[in-house]
>>> print(open('coords_12.csv').read())   # CSV, C-alpha atoms
chain,number,residue,atom,x,y,z
B,75,LEU,CA,15.5,-25.4,-27.6
B,76,ARG,CA,13.7,-25.7,-31.0
B,77,ARG,CA,10.3,-25.9,-29.2
B,78,TRP,CA,11.2,-22.8,-27.2
B,79,ILE,CA,12.2,-20.9,-30.3
B,80,THR,CA,9.0,-21.9,-32.0
B,81,ARG,CA,7.0,-20.6,-29.0
B,82,ARG,CA,8.9,-17.4,-29.1
B,83,ILE,CA,8.4,-16.9,-32.8
B,84,ASN,CA,4.7,-17.2,-32.1
B,85,ASN,CA,5.0,-14.2,-29.7
B,86,GLU,CA,4.8,-16.2,-26.5
B,87,PRO,CA,6.6,-14.1,-23.8
B,88,ILE,CA,10.0,-15.5,-22.8
B,89,GLN,CA,9.0,-15.4,-19.2
B,90,TYR,CA,6.2,-17.9,-19.8
B,91,ILE,CA,8.5,-20.1,-21.8
B,92,LEU,CA,11.1,-20.1,-19.0
B,93,GLY,CA,8.5,-20.1,-16.3
B,94,SER,CA,10.1,-17.3,-14.3
B,95,SER,CA,10.5,-13.5,-14.3
B,96,GLU,CA,12.6,-11.1,-12.4
B,97,PHE,CA,11.2,-8.4,-10.1
B,98,TYR,CA,13.1,-6.2,-7.6
B,99,GLY,CA,16.2,-8.4,-7.9
B,100,ARG,CA,14.3,-11.6,-7.2
B,101,SER,CA,13.1,-14.5,-9.4
B,102,PHE,CA,9.3,-15.3,-9.4
B,103,ILE,CA,7.5,-18.3,-10.9
B,104,VAL,CA,5.1,-17.1,-13.6
B,105,ASN,CA,2.7,-18.9,-16.0
B,106,LYS,CA,-0.3,-17.9,-18.2
B,107,ASN,CA,-2.5,-17.4,-15.2
B,108,VAL,CA,-0.6,-14.4,-13.9
B,109,LEU,CA,0.6,-11.1,-15.3
B,110,ILE,CA,4.3,-10.9,-16.0
B,111,PRO,CA,6.0,-8.5,-13.4
B,112,ARG,CA,7.2,-5.3,-15.0
B,113,PRO,CA,10.3,-3.2,-14.0
B,114,GLU,CA,8.0,-0.2,-14.1
B,115,THR,CA,6.0,-1.6,-11.2
B,116,GLU,CA,9.0,-1.6,-8.9
B,117,ILE,CA,8.3,2.1,-8.2
B,118,LEU,CA,5.4,0.9,-6.1
B,119,ILE,CA,7.8,-1.0,-3.8
B,120,ASP,CA,10.1,2.0,-3.5
B,121,LYS,CA,7.2,4.3,-2.5
B,122,SER,CA,5.7,1.7,-0.1
B,123,ILE,CA,9.0,1.5,1.7
B,124,GLU,CA,9.2,5.3,2.0
B,125,GLU,CA,5.7,5.5,3.3
B,126,LEU,CA,6.1,2.8,5.9
B,127,ILE,CA,9.5,3.6,7.2
B,128,ASN,CA,8.2,5.0,10.5
B,129,VAL,CA,5.2,2.6,10.9
B,130,ASN,CA,5.6,-0.2,13.4
B,131,ASN,CA,4.4,-3.7,12.3
B,132,PRO,CA,2.4,-2.3,9.3
B,133,LEU,CA,-0.6,-4.2,7.9
B,134,ILE,CA,-0.7,-4.0,4.1
B,135,LEU,CA,-3.5,-5.1,1.7
B,136,ASP,CA,-2.3,-6.2,-1.8
B,137,VAL,CA,-5.4,-6.1,-4.0
B,138,GLY,CA,-5.1,-8.3,-7.1
B,139,THR,CA,-1.9,-10.0,-6.0
B,140,GLY,CA,-1.4,-12.2,-9.1
B,141,SER,CA,2.0,-13.8,-8.9
B,142,GLY,CA,2.4,-12.3,-5.5
B,143,CYS,CA,5.5,-10.4,-6.6
B,144,ILE,CA,4.5,-7.1,-4.9
B,145,ALA,CA,3.3,-8.8,-1.6
B,146,ILE,CA,6.4,-11.0,-1.3
B,147,THR,CA,8.8,-8.2,-2.1
B,148,ILE,CA,7.3,-6.0,0.6
B,149,ALA,CA,7.2,-8.9,3.0
B,150,LEU,CA,10.9,-9.4,2.5
B,151,GLU,CA,11.9,-5.8,2.4
B,152,ILE,CA,9.8,-5.0,5.5
B,153,PRO,CA,10.1,-8.1,7.7
B,154,SER,CA,8.0,-6.6,10.5
B,155,SER,CA,5.0,-6.2,8.1
B,156,THR,CA,1.9,-8.4,7.7
B,157,ILE,CA,0.5,-8.6,4.1
B,158,ILE,CA,-2.9,-9.8,3.1
B,159,ALA,CA,-2.7,-10.8,-0.6
B,160,ILE,CA,-6.1,-10.7,-2.3
B,161,ASP,CA,-7.1,-12.1,-5.7
B,162,ILE,CA,-10.3,-13.2,-7.4
B,163,ASP,CA,-8.6,-16.0,-9.4
B,164,GLU,CA,-7.8,-19.3,-7.7
B,165,ARG,CA,-5.3,-20.1,-10.4
B,166,ALA,CA,-3.4,-16.9,-9.8
B,167,LEU,CA,-3.4,-17.5,-6.0
B,168,SER,CA,-1.9,-20.9,-6.7
B,169,VAL,CA,1.0,-19.3,-8.4
B,170,ALA,CA,1.3,-16.7,-5.5
B,171,LYS,CA,1.4,-19.6,-3.0
B,172,ASN,CA,4.2,-21.3,-4.9
B,173,ASN,CA,6.2,-18.1,-4.9
B,174,ILE,CA,5.6,-17.6,-1.2
B,175,GLU,CA,6.9,-21.1,-0.6
B,176,LYS,CA,9.8,-20.5,-2.9
B,177,HIS,CA,10.9,-17.4,-1.0
B,178,GLU,CA,10.1,-18.9,2.4
B,179,VAL,CA,7.9,-16.0,3.4
B,180,LYS,CA,5.9,-16.3,6.6
B,181,ASN,CA,4.2,-12.9,6.9
B,182,ILE,CA,1.7,-13.2,4.1
B,183,GLU,CA,-1.9,-14.3,4.3
B,184,VAL,CA,-3.5,-15.3,0.9
B,185,VAL,CA,-7.2,-14.6,0.5
B,186,LEU,CA,-9.6,-15.5,-2.3
B,187,ALA,CA,-11.9,-12.5,-2.6
B,188,ASP,CA,-13.6,-10.1,-5.0
B,189,ILE,CA,-13.4,-6.5,-3.7
B,190,PHE,CA,-16.5,-5.6,-5.7
B,191,ASP,CA,-18.7,-8.1,-3.9
B,192,GLU,CA,-17.1,-8.8,-0.5
B,193,LYS,CA,-16.5,-6.7,2.5
B,194,ILE,CA,-12.9,-6.5,3.7
B,195,ASN,CA,-13.0,-6.1,7.4
B,196,LYS,CA,-9.5,-4.9,8.0
B,197,LYS,CA,-8.1,-1.5,8.9
B,198,ALA,CA,-4.7,-1.5,7.2
B,199,ASP,CA,-1.8,0.9,7.1
B,200,MET,CA,-1.5,0.6,3.4
B,201,LEU,CA,-3.4,-0.6,0.3
B,202,ILE,CA,-1.2,-1.4,-2.7
B,203,SER,CA,-2.5,-2.5,-6.1
B,204,ASN,CA,-1.6,-3.0,-9.7
B,205,PRO,CA,-5.2,-3.3,-10.9
B,206,PRO,CA,-6.5,-4.2,-14.3
B,207,TYR,CA,-6.5,-0.7,-15.9
B,208,ILE,CA,-6.5,-1.2,-19.7
B,209,ALA,CA,-9.8,-0.1,-21.2
B,210,LYS,CA,-11.7,-2.8,-23.1
B,211,GLU,CA,-11.5,-0.8,-26.3
B,212,GLU,CA,-7.7,-0.6,-26.1
B,213,ILE,CA,-7.0,-4.4,-25.8
B,214,SER,CA,-7.0,-4.9,-29.6
B,215,GLY,CA,-4.1,-2.5,-30.0
B,216,LEU,CA,-1.8,-4.3,-27.5
B,217,MET,CA,1.3,-6.2,-28.6
B,218,LYS,CA,0.6,-9.8,-29.5
B,219,ASP,CA,2.9,-10.9,-26.6
B,220,VAL,CA,0.4,-9.3,-24.2
B,221,LYS,CA,-3.1,-9.7,-25.6
B,222,ASN,CA,-2.6,-13.3,-26.9
B,223,TYR,CA,-0.9,-14.7,-23.8
B,224,GLU,CA,-1.3,-12.7,-20.6
B,225,PRO,CA,-4.6,-13.2,-18.6
B,226,LEU,CA,-7.2,-10.6,-19.7
B,227,ILE,CA,-8.6,-10.7,-16.1
B,228,ALA,CA,-5.4,-9.0,-15.0
B,229,LEU,CA,-5.2,-6.6,-17.9
B,230,THR,CA,-8.6,-5.1,-18.3
B,231,ASP,CA,-11.7,-4.4,-16.2
B,232,ASN,CA,-13.8,-5.0,-19.4
B,233,ASN,CA,-14.9,-1.3,-19.0
B,234,ASP,CA,-13.1,2.0,-19.2
B,235,GLY,CA,-10.0,1.0,-17.2
B,236,LEU,CA,-11.2,3.0,-14.1
B,237,MET,CA,-13.6,0.6,-12.3
B,238,PHE,CA,-11.0,-0.6,-9.7
B,239,TYR,CA,-10.0,3.0,-8.8
B,240,ARG,CA,-13.6,4.0,-8.3
B,241,LYS,CA,-14.1,1.0,-6.0
B,242,ILE,CA,-10.9,1.7,-4.0
B,243,ALA,CA,-11.9,5.3,-3.6
B,244,GLU,CA,-15.2,4.2,-2.3
B,245,ILE,CA,-14.0,1.7,0.3
B,246,MET,CA,-10.7,3.3,1.4
B,247,PRO,CA,-12.2,5.0,4.5
B,248,ASN,CA,-13.5,1.5,5.6
B,249,ILE,CA,-10.3,-0.5,5.0
B,250,LEU,CA,-7.5,2.0,5.8
B,251,LYS,CA,-6.5,3.6,9.0
B,252,GLU,CA,-6.6,7.4,9.4
B,253,ASN,CA,-3.6,8.7,7.5
B,254,GLY,CA,-3.2,5.3,5.9
B,255,THR,CA,-1.9,5.3,2.3
B,256,ALA,CA,-3.1,3.8,-1.0
B,257,ILE,CA,-0.4,3.2,-3.7
B,258,MET,CA,-1.7,2.1,-7.1
B,259,GLU,CA,-0.2,1.7,-10.5
B,260,VAL,CA,-1.7,3.8,-13.3
B,261,GLY,CA,-1.6,3.7,-17.1
B,262,ILE,CA,-0.3,5.9,-19.8
B,263,GLY,CA,-1.7,9.0,-21.6
B,264,ASP,CA,-4.5,10.8,-19.6
B,265,HIS,CA,-5.2,7.7,-17.4
B,266,PRO,CA,-3.3,9.1,-14.4
B,267,ASP,CA,-5.2,12.4,-14.6
B,268,ARG,CA,-8.5,10.6,-14.8
B,269,VAL,CA,-7.6,8.4,-11.8
B,270,GLU,CA,-6.6,11.5,-9.8
B,271,GLU,CA,-10.0,13.1,-10.7
B,272,ILE,CA,-11.8,10.1,-9.3
B,273,PHE,CA,-10.1,10.5,-5.9
B,274,ARG,CA,-10.4,14.3,-5.8
B,275,ASP,CA,-14.1,14.1,-6.5
B,276,ARG,CA,-14.3,11.7,-3.5
B,277,GLY,CA,-12.7,14.4,-1.3
B,278,TYR,CA,-9.1,13.1,-1.1
B,279,GLY,CA,-6.8,16.0,-1.1
B,280,GLU,CA,-3.3,14.6,-0.6
B,281,ILE,CA,-2.4,13.0,-3.9
B,282,LYS,CA,1.0,12.5,-5.4
B,283,THR,CA,1.9,11.1,-8.8
B,284,GLU,CA,5.3,9.3,-9.0
B,285,LEU,CA,7.3,8.7,-12.2
B,286,ASP,CA,8.9,5.4,-13.2
B,287,LEU,CA,12.4,5.0,-14.6
B,288,ASN,CA,11.0,5.9,-18.1
B,289,LYS,CA,9.8,9.2,-16.6
B,290,ASP,CA,6.2,8.1,-17.2
B,291,LYS,CA,3.5,8.7,-14.5
B,292,ARG,CA,3.3,5.3,-13.0
B,293,ALA,CA,2.2,5.3,-9.3
B,294,MET,CA,-0.5,7.3,-7.5
B,295,VAL,CA,0.1,7.8,-3.8
B,296,ILE,CA,-3.1,8.9,-1.9
B,297,LYS,CA,-3.5,9.6,1.8
B,298,ASN,CA,-6.7,8.5,3.6
B,299,LYS,CA,-7.6,11.9,5.1
>>> encode(input="coords_12.csv", output="structure tokens")
Amino acid sequence: LRRWITRRINNEPIQYILGSSEFYGRSFIVNKNVLIPRPETEILIDKSIEELINVNNPLILDVGTGSGCIAITIALEIPSSTIIAIDIDERALSVAKNNIEKHEVKNIEVVLADIFDEKINKKADMLISNPPYIAKEEISGLMKDVKNYEPLIALTDNNDGLMFYRKIAEIMPNILKENGTAIMEVGIGDHPDRVEEIFRDRGYGEIKTELDLNKDKRAMVIKNK
């Protein structure tokens, strides 16, 4: 207990100390190789369920799966679905695989891939993602709990916080079915407006911004039309 207290005094997140975190009513294994699931991210699950309620056997791409909490939650909430969980980091995928085993999920395929370099040859019903969206210049201002312990690869694109959205806007026509949906988490401040602008400039017209429980803009829902 004293060792745990010392770690917490040094700002290490309690979830890493305990090795687990709650998400959507379930417990997930976490360590320093994956982002800690946030309650705010649960809005992505709610919206994905809404969007897929009338879709038979949906195929879903989870880009940047990390701990696998989003992919596993959707797999359990929509048992008829098939999820392809993608990440660039083998260490993160190892955690995701442990969580898949823990929750005894059978309808997830885990793929090591970089969406910036590799073609995804799938036509999915949905793309869901909580991408690294903190701008490089904002990292120094984060809480110590976050910047000193959570993996930077999951926090920032080492750019302006918009690179993943530009890439998704570019590849959406190739990886989503007609009328398919992309649901992505967005940041605070003017970040949601800048993300929306990226997709509108690409010609996407049907865009909704959803609020989380704190009434902050948190999820962007975009139709592939």
>>> residues_around(input="coords_12.csv", residues="stretch 199-206 of chain B", least_positions_apart="3", cutoff="6 Å", atoms="only C-alpha atoms", output="ChimeraX atom specification")
/B:132-137,228-231,250-251,254-259
>>> write_last_selection(input="coords_12.csv", atoms="C-alpha atoms", output="PDB file, in the frame of the given file")
ATOM      1  CA  PRO B 132       2.400  -2.300   9.300  1.00  0.00           C
ATOM      2  CA  LEU B 133      -0.600  -4.200   7.900  1.00  0.00           C
ATOM      3  CA  ILE B 134      -0.700  -4.000   4.100  1.00  0.00           C
ATOM      4  CA  LEU B 135      -3.500  -5.100   1.700  1.00  0.00           C
ATOM      5  CA  ASP B 136      -2.300  -6.200  -1.800  1.00  0.00           C
ATOM      6  CA  VAL B 137      -5.400  -6.100  -4.000  1.00  0.00           C
ATOM      7  CA  ALA B 228      -5.400  -9.000 -15.000  1.00  0.00           C
ATOM      8  CA  LEU B 229      -5.200  -6.600 -17.900  1.00  0.00           C
ATOM      9  CA  THR B 230      -8.600  -5.100 -18.300  1.00  0.00           C
ATOM     10  CA  ASP B 231     -11.700  -4.400 -16.200  1.00  0.00           C
ATOM     11  CA  LEU B 250      -7.500   2.000   5.800  1.00  0.00           C
ATOM     12  CA  LYS B 251      -6.500   3.600   9.000  1.00  0.00           C
ATOM     13  CA  GLY B 254      -3.200   5.300   5.900  1.00  0.00           C
ATOM     14  CA  THR B 255      -1.900   5.300   2.300  1.00  0.00           C
ATOM     15  CA  ALA B 256      -3.100   3.800  -1.000  1.00  0.00           C
ATOM     16  CA  ILE B 257      -0.400   3.200  -3.700  1.00  0.00           C
ATOM     17  CA  MET B 258      -1.700   2.100  -7.100  1.00  0.00           C
ATOM     18  CA  GLU B 259      -0.200   1.700 -10.500  1.00  0.00           C
TER      19      GLU B 259
END
>>> residues_around(input="coords_12.csv", residues="stretch 142-153 of chain B", least_positions_apart="2", cutoff="8 Å", atoms="only C-alpha atoms", output="VMD selection string")
chain B and resid 97 to 98 102 111 119 122 to 123 136 139 to 140 155 to 159 167 169 to 171 173 to 174 177 179 181 to 182
>>> residues_around(input="coords_12.csv", residues="B:Lys193", least_positions_apart="5", cutoff="10 Å", atoms="all atoms listed in the file", output="list in words")
Ala187, Asp188, Ile245, Asn248 and Ile249 of chain B
>>> closest_residue(input="coords_12.csv", among="B:Ala198, B:Ile281, B:Leu236, B:Leu226", to="B:Gly261", atoms="only C-alpha atoms")
B:Leu236
>>> residues_around(input="coords_12.csv", residues="B:Arg82", least_positions_apart="5", cutoff="12 Å", atoms="all atoms listed in the file", output="PyMOL selection string")
chain B and resi 75-77+87-92+218-219+223
>>> closest_residue(input="coords_12.csv", among="B:Val129, B:Ile208, B:Ile189, B:Ile160", to="B:Val220", atoms="all atoms listed in the file")
B:Ile208
